[in-house]
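These notes concern the structure reproduced below.
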Amino acid sequence: MRKIFVAMFLMGITLIGGSAHAQDVYVGTSEVTGRNCYVMTETIYWAHGYECEATLKMVRPSDGNVQRLHYRFVSDIRSNARFENSQGFSGRVTRDYPIEWAMWKFICDYSERHGLRK
């Protein structure tokens with residue numbers, strides 16, 4: 001019985017510790033939709049090298065309605081990235097696309113701090 005309790009306790013600590021870093025980080029308000037945009041840190045995934053996936057949560061301020069977009073970023077160097085999202089929108093990561101620019105900058109910095117790159 002004691003071994004079961006210890007195992008459950010350790011599993012609980014592991015689960016709590018694993019989710020403690022999950023957060024939604026504000027990266028701007030979309031000029032197109034007017035929604036507040038957040039990178040969901042628990043969705044950041046590096047496939048290999050400079051190919052990354054993440055989810056953007058978009059919240060409409062007037063009623064709290066939430067939409068999520070899945071993004072894929074590919075780059076050979078940090079300043080020459082391209083993106084594509086689940087709605088088929090794609091382009092080069094530049095300041096012309098402020099949300100994607102802020103997402104990529106945050107993802108790269110966050111990933112370096114937390115050792116997420118493979």
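Please note that chains go A, B, ... in the order of the structure tokens, that every chain numbers its residues from 1, and that ligands are numbered from 1 in the order shown.
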
Exercise: Gln67 (chain A) partners within 7 Å, only C-alpha atoms, chain neighbours under 3 positions left out, as JSON, numbers by chain: {"A": [57, 58, 59]}

Selection file, N, CA, C and O atoms, as a PDB file, in the first residue's frame:
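Produced file part-v1.pdb, reproduced below:
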```
ATOM      1  N   LYS A  57      -3.409  31.067 -29.974  1.00  0.00           N
ATOM      2  CA  LYS A  57      -4.775  31.226 -29.463  1.00  0.00           C
ATOM      3  C   LYS A  57      -5.185  32.668 -29.701  1.00  0.00           C
ATOM      4  O   LYS A  57      -4.484  33.596 -29.309  1.00  0.00           O
ATOM      5  N   MET A  58      -6.329  32.862 -30.362  1.00  0.00           N
ATOM      6  CA  MET A  58      -6.819  34.208 -30.673  1.00  0.00           C
ATOM      7  C   MET A  58      -8.129  34.423 -29.928  1.00  0.00           C
ATOM      8  O   MET A  58      -9.075  33.647 -30.088  1.00  0.00           O
ATOM      9  N   VAL A  59      -8.179  35.479 -29.121  1.00  0.00           N
ATOM     10  CA  VAL A  59      -9.338  35.750 -28.279  1.00  0.00           C
ATOM     11  C   VAL A  59      -9.982  37.061 -28.693  1.00  0.00           C
ATOM     12  O   VAL A  59      -9.322  38.103 -28.741  1.00  0.00           O
TER      13      VAL A  59
END
```

Alpha helix (DSSP H) call set, DSSP backbone run, region 12-100 of chain A, as a count of residues only: 11

Give me, as an mmCIF file with C-alpha atoms, in the first residue's frame, all polymer residues having an atom no more than 12 Å from Arg95 (chain A), counting only C-alpha atoms and skipping those fewer than 3 positions away in the same chain.
```cif
data_model
loop_
_atom_site.group_PDB
_atom_site.id
_atom_site.type_symbol
_atom_site.label_atom_id
_atom_site.label_comp_id
_atom_site.auth_asym_id
_atom_site.auth_seq_id
_atom_site.Cartn_x
_atom_site.Cartn_y
_atom_site.Cartn_z
ATOM 1 C CA SER A 79 16.180 35.834 -39.734
ATOM 2 C CA ASN A 80 14.988 33.958 -42.836
ATOM 3 C CA ALA A 81 11.964 31.996 -41.612
ATOM 4 C CA GLY A 91 4.580 33.926 -46.032
ATOM 5 C CA ARG A 92 8.002 35.013 -44.946
ATOM 6 C CA PRO A 98 3.611 41.503 -36.878
ATOM 7 C CA ILE A 99 1.888 38.546 -35.173
ATOM 8 C CA GLU A 100 3.986 35.938 -36.967
ATOM 9 C CA TRP A 101 7.107 38.059 -36.395
ATOM 10 C CA ALA A 102 6.377 38.246 -32.644
ATOM 11 C CA MET A 103 5.503 34.534 -32.516
ATOM 12 C CA TRP A 104 8.760 33.470 -34.182
ATOM 13 C CA LYS A 105 10.876 35.774 -32.024
#
```

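Considering the residues A:Glu51, A:Phe83, A:Glu42, A:Arg35 and counting only C-alpha atoms, Gly64 (chain A) has its shortest atom-to-atom contact with A:Arg35.
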
When you look at Tyr26 (chain A) with a cut-off of 8 Å (counting only C-alpha atoms), what residues show up, excluding the ones that are within fewer than 2 positions of it in the same chain? I need them as a PDB file with N, CA and C atoms, in the first residue's frame.
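Output contents, as saved in out01.pdb:
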```pdb
ATOM      1  N   ASP A  24      -0.034  30.900 -21.804  1.00  0.00           N
ATOM      2  CA  ASP A  24      -0.379  31.611 -23.035  1.00  0.00           C
ATOM      3  C   ASP A  24       0.310  32.963 -22.966  1.00  0.00           C
ATOM      4  N   GLY A  28       0.507  40.081 -29.354  1.00  0.00           N
ATOM      5  CA  GLY A  28      -0.038  41.229 -30.070  1.00  0.00           C
ATOM      6  C   GLY A  28      -1.515  41.074 -30.369  1.00  0.00           C
ATOM      7  N   ASN A  36      -6.926  39.380 -29.689  1.00  0.00           N
ATOM      8  CA  ASN A  36      -5.683  39.309 -28.927  1.00  0.00           C
ATOM      9  C   ASN A  36      -5.068  37.939 -29.173  1.00  0.00           C
ATOM     10  N   CYS A  37      -3.773  37.903 -29.460  1.00  0.00           N
ATOM     11  CA  CYS A  37      -3.109  36.673 -29.875  1.00  0.00           C
ATOM     12  C   CYS A  37      -2.090  36.213 -28.838  1.00  0.00           C
ATOM     13  N   TYR A  38      -2.111  34.913 -28.564  1.00  0.00           N
ATOM     14  CA  TYR A  38      -1.249  34.317 -27.551  1.00  0.00           C
ATOM     15  C   TYR A  38      -0.609  33.037 -28.092  1.00  0.00           C
ATOM     16  N   VAL A  39       0.696  32.877 -27.894  1.00  0.00           N
ATOM     17  CA  VAL A  39       1.357  31.614 -28.189  1.00  0.00           C
ATOM     18  C   VAL A  39       1.122  30.696 -26.996  1.00  0.00           C
TER      19      VAL A  39
END
```

Nearby residues (only C-alpha atoms) at most 6 Å from Ile44 (chain A), same-chain spacing under 2 positions excluded, as a ChimeraX atom specification: /A:41-42,53-54

Strand (DSSP E) per DSSP on the backbone: members of region 43-79 of chain A, as an MDAnalysis selection string: chainID A and resid 43:48 51:59 66:75

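Across the structure, CA of Val66 (chain A) and CA of Arg113 (chain A) are spaced 28.2 Å apart.
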
Å distance separating CA of Tyr50 (chain A) from CA of Ser86 (chain A), one decimal place: 19.0 Å
